[in-house]
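What follows is the content of work-v6.cif, which has mmCIF, C-alpha atoms; chains and numbers go by the auth columns:
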```
data_run
#
loop_
_atom_site.group_PDB
_atom_site.id
_atom_site.type_symbol
_atom_site.label_atom_id
_atom_site.label_comp_id
_atom_site.label_asym_id
_atom_site.label_seq_id
_atom_site.Cartn_x
_atom_site.Cartn_y
_atom_site.Cartn_z
_atom_site.B_iso_or_equiv
_atom_site.auth_seq_id
_atom_site.auth_asym_id
ATOM 1 C CA MET A 1 71.188 121.865 224.534 0.00 1 A
ATOM 2 C CA SER A 2 71.912 119.781 221.450 0.00 2 A
ATOM 3 C CA ALA A 3 74.084 116.718 221.679 0.00 3 A
ATOM 4 C CA MET A 4 77.750 117.183 220.934 0.00 4 A
ATOM 5 C CA SER A 5 80.629 114.786 220.699 0.00 5 A
ATOM 6 C CA VAL A 6 83.477 115.449 223.078 0.00 6 A
ATOM 7 C CA THR A 7 86.559 113.493 223.922 0.00 7 A
ATOM 8 C CA PRO A 8 86.477 112.264 227.496 0.00 8 A
ATOM 9 C CA SER A 9 88.786 113.825 230.050 0.00 9 A
ATOM 10 C CA PRO A 10 92.243 112.282 230.165 0.00 10 A
ATOM 11 C CA THR A 11 92.709 109.071 232.086 0.00 11 A
ATOM 12 C CA ALA A 12 95.810 107.169 233.032 0.00 12 A
ATOM 13 C CA THR A 13 95.629 105.249 229.728 0.00 13 A
ATOM 14 C CA SER A 14 94.623 108.008 227.313 0.00 14 A
ATOM 15 C CA PRO A 15 97.001 110.559 225.825 0.00 15 A
ATOM 16 C CA VAL A 16 96.783 114.136 227.017 0.00 16 A
ATOM 17 C CA HIS A 17 96.730 116.516 224.092 0.00 17 A
ATOM 18 C CA PRO A 18 98.523 119.827 224.626 0.00 18 A
ATOM 19 C CA LEU A 19 95.670 121.570 222.786 0.00 19 A
ATOM 20 C CA ALA A 20 92.214 121.389 224.309 0.00 20 A
ATOM 21 C CA VAL A 21 89.027 123.096 223.220 0.00 21 A
ATOM 22 C CA VAL A 22 85.974 123.749 225.377 0.00 22 A
ATOM 23 C CA VAL A 23 83.048 123.199 223.026 0.00 23 A
ATOM 24 C CA TYR A 24 80.000 125.207 224.084 0.00 24 A
ATOM 25 C CA GLU A 25 76.544 126.229 222.902 0.00 25 A
ATOM 26 C CA PRO A 26 75.450 129.827 222.183 0.00 26 A
ATOM 27 C CA GLY A 27 74.339 131.610 225.351 0.00 27 A
ATOM 28 C CA PHE A 28 77.006 129.944 227.511 0.00 28 A
ATOM 29 C CA ASP A 29 78.786 132.431 229.823 0.00 29 A
ATOM 30 C CA LEU A 30 82.287 131.668 228.600 0.00 30 A
ATOM 31 C CA GLY A 31 84.036 134.510 230.424 0.00 31 A
ATOM 32 C CA ARG A 32 82.690 133.478 233.804 0.00 32 A
ATOM 33 C CA PHE A 33 83.418 129.816 233.096 0.00 33 A
ATOM 34 C CA LEU A 34 87.048 130.394 232.079 0.00 34 A
ATOM 35 C CA GLY A 35 87.463 132.766 235.022 0.00 35 A
ATOM 36 C CA ASP A 36 86.256 130.044 237.398 0.00 36 A
ATOM 37 C CA VAL A 37 88.635 127.516 235.803 0.00 37 A
ATOM 38 C CA CYS A 38 91.588 129.911 236.168 0.00 38 A
ATOM 39 C CA GLU A 39 90.637 130.762 239.747 0.00 39 A
ATOM 40 C CA ARG A 40 90.606 127.097 240.720 0.00 40 A
ATOM 41 C CA LEU A 41 93.938 126.434 239.001 0.00 41 A
ATOM 42 C CA ALA A 42 95.564 129.580 240.441 0.00 42 A
ATOM 43 C CA ALA A 43 94.472 128.595 243.958 0.00 43 A
ATOM 44 C CA ARG A 44 96.901 125.673 243.747 0.00 44 A
ATOM 45 C CA GLY A 45 99.793 128.140 243.666 0.00 45 A
ATOM 46 C CA ASP A 46 101.975 126.032 241.379 0.00 46 A
ATOM 47 C CA LEU A 47 100.864 127.135 237.884 0.00 47 A
ATOM 48 C CA ALA A 48 101.832 130.199 235.889 0.00 48 A
ATOM 49 C CA ILE A 49 98.718 130.862 233.816 0.00 49 A
ATOM 50 C CA GLY A 50 98.817 133.270 230.904 0.00 50 A
ATOM 51 C CA GLY A 51 96.188 134.380 228.460 0.00 51 A
ATOM 52 C CA VAL A 52 92.929 136.262 228.310 0.00 52 A
ATOM 53 C CA LEU A 53 89.387 135.972 229.564 0.00 53 A
ATOM 54 C CA PRO A 54 86.607 137.214 227.257 0.00 54 A
ATOM 55 C CA THR A 55 83.818 139.334 228.651 0.00 55 A
ATOM 56 C CA ASP A 56 81.121 141.665 227.419 0.00 56 A
ATOM 57 C CA GLY A 57 80.939 145.332 228.290 0.00 57 A
ATOM 58 C CA GLY A 58 78.139 147.799 227.744 0.00 58 A
ATOM 59 C CA LEU A 59 76.110 148.280 224.611 0.00 59 A
ATOM 60 C CA HIS A 60 77.439 150.100 221.579 0.00 60 A
ATOM 61 C CA ALA A 61 75.097 152.550 219.830 0.00 61 A
ATOM 62 C CA ASN A 62 74.236 149.852 217.266 0.00 62 A
ATOM 63 C CA GLY A 63 72.993 147.531 220.043 0.00 63 A
ATOM 64 C CA ARG A 64 75.920 145.125 219.974 0.00 64 A
ATOM 65 C CA ARG A 65 77.903 144.389 223.134 0.00 65 A
ATOM 66 C CA GLU A 66 81.358 145.781 223.673 0.00 66 A
ATOM 67 C CA MET A 67 83.897 142.946 223.493 0.00 67 A
ATOM 68 C CA LEU A 68 86.603 142.972 226.174 0.00 68 A
ATOM 69 C CA LEU A 69 89.556 140.732 226.979 0.00 69 A
ATOM 70 C CA ARG A 70 91.082 140.684 230.468 0.00 70 A
ATOM 71 C CA ASP A 71 94.734 139.689 230.656 0.00 71 A
ATOM 72 C CA ILE A 72 95.073 136.916 233.239 0.00 72 A
ATOM 73 C CA GLY A 73 98.565 137.985 234.349 0.00 73 A
ATOM 74 C CA SER A 74 98.166 141.744 234.617 0.00 74 A
ATOM 75 C CA GLY A 75 94.409 142.029 235.103 0.00 75 A
ATOM 76 C CA ARG A 76 94.363 144.751 232.428 0.00 76 A
ATOM 77 C CA THR A 77 91.206 144.826 230.296 0.00 77 A
ATOM 78 C CA THR A 78 91.413 145.745 226.618 0.00 78 A
ATOM 79 C CA ALA A 79 88.471 146.592 224.391 0.00 79 A
ATOM 80 C CA ILE A 80 88.651 144.640 221.146 0.00 80 A
ATOM 81 C CA SER A 81 85.527 146.205 219.680 0.00 81 A
ATOM 82 C CA GLN A 82 84.946 149.714 218.456 0.00 82 A
ATOM 83 C CA GLU A 83 81.986 152.047 218.378 0.00 83 A
ATOM 84 C CA LEU A 84 80.856 152.499 214.770 0.00 84 A
ATOM 85 C CA GLY A 85 77.584 154.344 215.350 0.00 85 A
ATOM 86 C CA ALA A 86 73.902 153.569 215.684 0.00 86 A
ATOM 87 C CA GLY A 87 73.293 152.363 212.128 0.00 87 A
ATOM 88 C CA ALA A 88 76.490 150.371 211.703 0.00 88 A
ATOM 89 C CA ASP A 89 76.178 146.716 210.807 0.00 89 A
ATOM 90 C CA SER A 90 79.774 145.933 209.833 0.00 90 A
ATOM 91 C CA CYS A 91 82.353 144.134 211.944 0.00 91 A
ATOM 92 C CA ILE A 92 83.051 145.986 215.189 0.00 92 A
ATOM 93 C CA LEU A 93 86.370 144.259 215.918 0.00 93 A
ATOM 94 C CA ASP A 94 89.009 146.872 216.737 0.00 94 A
ATOM 95 C CA PRO A 95 92.270 145.794 215.062 0.00 95 A
ATOM 96 C CA ASP A 96 94.359 147.984 217.401 0.00 96 A
ATOM 97 C CA GLY A 97 92.805 146.544 220.565 0.00 97 A
ATOM 98 C CA PHE A 98 93.165 143.032 219.250 0.00 98 A
ATOM 99 C CA ALA A 99 96.806 143.651 218.262 0.00 99 A
ATOM 100 C CA ARG A 100 97.591 144.933 221.776 0.00 100 A
ATOM 101 C CA THR A 101 96.040 141.785 223.219 0.00 101 A
ATOM 102 C CA ARG A 102 98.130 139.589 220.945 0.00 102 A
ATOM 103 C CA VAL A 103 101.305 141.359 222.147 0.00 103 A
ATOM 104 C CA GLY A 104 100.344 140.407 225.715 0.00 104 A
ATOM 105 C CA LEU A 105 99.747 136.803 224.691 0.00 105 A
ATOM 106 C CA ALA A 106 103.137 136.644 222.970 0.00 106 A
ATOM 107 C CA ALA A 107 104.803 138.023 226.102 0.00 107 A
ATOM 108 C CA ALA A 108 103.161 135.380 228.319 0.00 108 A
ATOM 109 C CA ILE A 109 104.264 132.625 225.930 0.00 109 A
ATOM 110 C CA ALA A 110 107.826 134.004 225.812 0.00 110 A
ATOM 111 C CA ALA A 111 107.881 134.206 229.619 0.00 111 A
ATOM 112 C CA GLY A 112 107.213 130.459 229.772 0.00 112 A
ATOM 113 C CA ALA A 113 103.690 130.250 231.135 0.00 113 A
ATOM 114 C CA ASP A 114 102.760 126.747 232.291 0.00 114 A
ATOM 115 C CA LEU A 115 99.329 127.040 230.659 0.00 115 A
ATOM 116 C CA MET A 116 97.813 129.486 228.174 0.00 116 A
ATOM 117 C CA VAL A 117 94.098 130.323 228.067 0.00 117 A
ATOM 118 C CA LEU A 118 93.528 131.866 224.651 0.00 118 A
ATOM 119 C CA GLY A 119 89.838 132.754 224.646 0.00 119 A
ATOM 120 C CA LYS A 120 87.639 131.988 221.645 0.00 120 A
ATOM 121 C CA PHE A 121 88.269 130.455 218.260 0.00 121 A
ATOM 122 C CA ALA A 122 85.701 132.494 216.366 0.00 122 A
ATOM 123 C CA LYS A 123 85.094 134.212 213.028 0.00 123 A
ATOM 124 C CA ARG A 124 88.529 135.864 212.687 0.00 124 A
ATOM 125 C CA GLU A 125 90.314 132.607 213.458 0.00 125 A
ATOM 126 C CA ALA A 126 88.109 130.704 211.007 0.00 126 A
ATOM 127 C CA GLU A 127 89.146 133.257 208.359 0.00 127 A
ATOM 128 C CA GLY A 128 92.831 132.595 209.045 0.00 128 A
ATOM 129 C CA HIS A 129 93.543 135.463 211.446 0.00 129 A
ATOM 130 C CA GLY A 130 92.981 136.122 215.167 0.00 130 A
ATOM 131 C CA ILE A 131 94.830 133.947 217.685 0.00 131 A
ATOM 132 C CA ARG A 132 95.870 131.178 215.298 0.00 132 A
ATOM 133 C CA ALA A 133 99.556 132.169 215.515 0.00 133 A
ATOM 134 C CA GLU A 134 99.430 132.181 219.324 0.00 134 A
ATOM 135 C CA ILE A 135 97.884 128.700 219.384 0.00 135 A
ATOM 136 C CA ALA A 136 100.691 127.456 217.133 0.00 136 A
ATOM 137 C CA GLU A 137 103.356 129.254 219.205 0.00 137 A
ATOM 138 C CA CYS A 138 102.089 127.611 222.391 0.00 138 A
ATOM 139 C CA LEU A 139 102.373 124.179 220.835 0.00 139 A
ATOM 140 C CA ALA A 140 105.825 124.942 219.395 0.00 140 A
ATOM 141 C CA SER A 141 106.897 126.117 222.879 0.00 141 A
ATOM 142 C CA ASP A 142 105.478 123.014 224.624 0.00 142 A
ATOM 143 C CA ILE A 143 102.915 125.100 226.512 0.00 143 A
ATOM 144 C CA PRO A 144 99.462 123.529 226.804 0.00 144 A
ATOM 145 C CA ALA A 145 96.814 125.745 225.238 0.00 145 A
ATOM 146 C CA LEU A 146 93.140 126.003 226.133 0.00 146 A
ATOM 147 C CA VAL A 147 90.761 127.526 223.598 0.00 147 A
ATOM 148 C CA ALA A 148 86.971 127.688 223.463 0.00 148 A
ATOM 149 C CA MET A 149 84.613 127.547 220.515 0.00 149 A
ATOM 150 C CA ARG A 150 80.929 127.362 219.810 0.00 150 A
ATOM 151 C CA THR A 151 79.710 124.039 218.466 0.00 151 A
ATOM 152 C CA THR A 152 79.110 125.777 215.119 0.00 152 A
ATOM 153 C CA ARG A 153 82.871 126.415 214.682 0.00 153 A
ATOM 154 C CA ARG A 154 83.961 122.779 214.966 0.00 154 A
ATOM 155 C CA ALA A 155 84.527 122.276 211.208 0.00 155 A
ATOM 156 C CA ASP A 156 86.492 125.539 211.047 0.00 156 A
ATOM 157 C CA PHE A 157 88.678 124.453 213.946 0.00 157 A
ATOM 158 C CA GLU A 158 89.271 121.022 212.417 0.00 158 A
ATOM 159 C CA ALA A 159 90.320 122.714 209.156 0.00 159 A
ATOM 160 C CA PHE A 160 92.903 124.630 211.201 0.00 160 A
ATOM 161 C CA ALA A 161 94.110 122.012 213.692 0.00 161 A
ATOM 162 C CA GLY A 162 93.169 118.692 212.120 0.00 162 A
ATOM 163 C CA SER A 163 92.263 116.008 214.634 0.00 163 A
ATOM 164 C CA ASP A 164 95.186 116.401 217.041 0.00 164 A
ATOM 165 C CA TRP A 165 93.338 118.172 219.845 0.00 165 A
ATOM 166 C CA GLN A 166 91.053 117.261 222.684 0.00 166 A
ATOM 167 C CA ALA A 167 87.470 118.477 222.899 0.00 167 A
ATOM 168 C CA LEU A 168 86.293 119.181 226.430 0.00 168 A
ATOM 169 C CA PRO A 169 82.760 119.679 227.723 0.00 169 A
ATOM 170 C CA PRO A 170 81.941 122.979 229.433 0.00 170 A
ATOM 171 C CA SER A 171 82.679 121.447 232.839 0.00 171 A
ATOM 172 C CA ILE A 172 85.079 123.082 235.285 0.00 172 A
ATOM 173 C CA ASP A 173 86.117 119.680 236.633 0.00 173 A
ATOM 174 C CA ALA A 174 86.882 118.336 233.137 0.00 174 A
ATOM 175 C CA VAL A 175 88.924 121.389 232.158 0.00 175 A
ATOM 176 C CA VAL A 176 90.856 121.451 235.441 0.00 176 A
ATOM 177 C CA ALA A 177 91.607 117.724 235.086 0.00 177 A
ATOM 178 C CA TRP A 178 92.904 118.286 231.547 0.00 178 A
ATOM 179 C CA ALA A 179 95.004 121.299 232.633 0.00 179 A
ATOM 180 C CA LEU A 180 96.602 119.421 235.511 0.00 180 A
ATOM 181 C CA ALA A 181 97.372 116.412 233.308 0.00 181 A
ATOM 182 C CA ALA A 182 98.666 118.558 230.426 0.00 182 A
ATOM 183 C CA THR A 183 100.990 120.490 232.751 0.00 183 A
ATOM 184 C CA GLY A 184 102.234 117.353 234.511 0.00 184 A
ATOM 185 C CA ARG A 185 100.524 118.188 237.806 0.00 185 A
ATOM 186 C CA ALA A 186 97.824 115.507 237.897 0.00 186 A
ATOM 187 C CA GLY A 187 97.701 113.059 240.718 0.00 187 A
#
```
In structure tokens, write the structure found in this file.
Amino acid sequence: MSAMSVTPSPTATSPVHPLAVVVYEPGFDLGRFLGDVCERLAARGDLAIGGVLPTDGGLHANGRREMLLRDIGSGRTTAISQELGAGADSCILDPDGFARTRVGLAAAIAAGADLMVLGKFAKREAEGHGIRAEIAECLASDIPALVAMRTTRRADFEAFAGSDWQALPPSIDAVVAWALAATGRAG
């Protein structure tokens, strides 16, 4: 694993940013990690967590993995990739599946979730699309937002969010500590 710069977890003297990003290396099992974070937070019983957990499904005919998002509130899984055939090498993102997921995110934000887990900041977000609006809506609604990104997307994320966010290591303890502090439940 290459070295990466991350902001330490919040302490009593450091500010808690309402936007935190888990910075991870390729090959990291993000879906399992975020699922474990949400499970630990949900076990407390005092947090309404909204958002999605990314996971991979089976293989498409072109050898790429099916991309799925599981809604944290409903448990419903939505495919956000589409089968394009064995020889296809274009983007497999399914705009309809992704749009349905965004509707669910908007509903969780409108319902006043205590914390939103928004999955990955990836290629679509770097291009100005994807979940950028939902990240902004969380912040405008005073709902802490947790996003994840590969180390290679850091410059793209900084172009979007500037420097007003907190980078977190891929550590369950660090993310839980941030979430509890950001939602006013630390201590």
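Matched in the shown structure by the PyMOL selection byres ((chain A and resi 68) around 10): Gly31, Val52, Leu53, Pro54, Thr55, Asp56, Gly57, Gly58, Arg65, Glu66, Met67, Leu69, Arg70, Asp71, Thr77, Thr78, Ala79, Ile80, Ser81, Gly97, Phe98 and Thr101 of chain A.
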* Pick from A:Val22, A:Glu39, A:Ala133, A:Val16 nearest to A:Lys120, counting all atoms listed in the file ->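 Of A:Val22, A:Glu39, A:Ala133, A:Val16, the one nearest A:Lys120 is A:Val22, counting all atoms listed in the file.
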Show which residues sit within 8 Å of stretch 46-48 of chain A, as a tab-separated table (two decimals) with C-alpha atoms, in the coordinates of the input. Count only C-alpha atoms, and ignore same-chain residues fewer than 5 positions away.
```tsv
chain	number	residue	atom	x	y	z
A	41	LEU	CA	93.94	126.43	239.00
A	113	ALA	CA	103.69	130.25	231.14
A	114	ASP	CA	102.76	126.75	232.29
A	115	LEU	CA	99.33	127.04	230.66
```
* To do: Evaluate the PyMOL selection byres ((chain A and resi 112) around 12) and record the selected residues as an NGL selection string, following the chain and residue labels used in the document.
  => :A and (47-51 or 105-111 or 113-116 or 137-144)
* **Counting all atoms listed in the file, the option among A:Asp36, A:Asp96, A:Glu134, A:Glu25 closest to A:Val147** =>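 When distances to A:Val147 are compared using all atoms listed in the file, the smallest one comes from A:Glu134.
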* Asked: Could you state the separation of atom CA of A:Arg132 and atom CA of A:Ala161 in Å, given to one decimal place?
  ->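 Here the two named atoms are 9.5 Å from each other.
For the pair atom CA of A:Pro95 and atom CA of A:Gly130, the separation is 9.7 Å.
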* Could you check how far atom CA of A:Gly128 sits from atom CA of A:Val175, in Å to one decimal? =>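 The value is 26.0 Å.
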* Determine the residue set returned by the PyMOL selection byres ((chain A and resi 19) around 6) for the present structure, and present it as a ChimeraX atom specification. => /A:17-18,20,144-145,165
* Option closest in space to A:Phe160, from A:Leu180, A:Ala122, A:Leu146, A:Val103 [counting only C-alpha atoms] -> A:Ala122
* **Sel. within 12 Å of pt (83.2, 119.4, 234.0), counting all atoms listed in the file, output as a PyMOL selection string** => chain A and resi 6+8-9+22-24+33-34+36-37+167-178
Selection above as a file: C-alpha atoms, as a PDB file, keeping the file's coordinate frame:
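In the end it all went to part.pdb:
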```pdb
ATOM      1  CA  VAL A   6      83.477 115.449 223.078  1.00  0.00           C
ATOM      2  CA  PRO A   8      86.477 112.264 227.496  1.00  0.00           C
ATOM      3  CA  SER A   9      88.786 113.825 230.050  1.00  0.00           C
ATOM      4  CA  VAL A  22      85.974 123.749 225.377  1.00  0.00           C
ATOM      5  CA  VAL A  23      83.048 123.199 223.026  1.00  0.00           C
ATOM      6  CA  TYR A  24      80.000 125.207 224.084  1.00  0.00           C
ATOM      7  CA  PHE A  33      83.418 129.816 233.096  1.00  0.00           C
ATOM      8  CA  LEU A  34      87.048 130.394 232.079  1.00  0.00           C
ATOM      9  CA  ASP A  36      86.256 130.044 237.398  1.00  0.00           C
ATOM     10  CA  VAL A  37      88.635 127.516 235.803  1.00  0.00           C
ATOM     11  CA  ALA A 167      87.470 118.477 222.899  1.00  0.00           C
ATOM     12  CA  LEU A 168      86.293 119.181 226.430  1.00  0.00           C
ATOM     13  CA  PRO A 169      82.760 119.679 227.723  1.00  0.00           C
ATOM     14  CA  PRO A 170      81.941 122.979 229.433  1.00  0.00           C
ATOM     15  CA  SER A 171      82.679 121.447 232.839  1.00  0.00           C
ATOM     16  CA  ILE A 172      85.079 123.082 235.285  1.00  0.00           C
ATOM     17  CA  ASP A 173      86.117 119.680 236.633  1.00  0.00           C
ATOM     18  CA  ALA A 174      86.882 118.336 233.137  1.00  0.00           C
ATOM     19  CA  VAL A 175      88.924 121.389 232.158  1.00  0.00           C
ATOM     20  CA  VAL A 176      90.856 121.451 235.441  1.00  0.00           C
ATOM     21  CA  ALA A 177      91.607 117.724 235.086  1.00  0.00           C
ATOM     22  CA  TRP A 178      92.904 118.286 231.547  1.00  0.00           C
TER      23      TRP A 178
END
```
* Structure fact -> Using all atoms listed in the file, the best pick from A:Leu118, A:Ala148, A:Ile131, A:Ala181 as closest to A:Leu30 would be A:Ala148
* Asked: Which polymer residues have any atom within 12 Å of an atom of A:Glu158, counting only C-alpha atoms, with same-chain residues fewer than 4 positions away left out, as a PyMOL selection string?
  -> chain A and resi 21+121+125-126+149+151-154+162-167
* Asked: Smallest atom-to-atom distance to A:Cys38: which of A:Ile135, A:Pro15, A:Ala179, A:Gly187, using only C-alpha atoms?
  ->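 Looking at the shortest contact to A:Cys38, the residue is A:Ala179.
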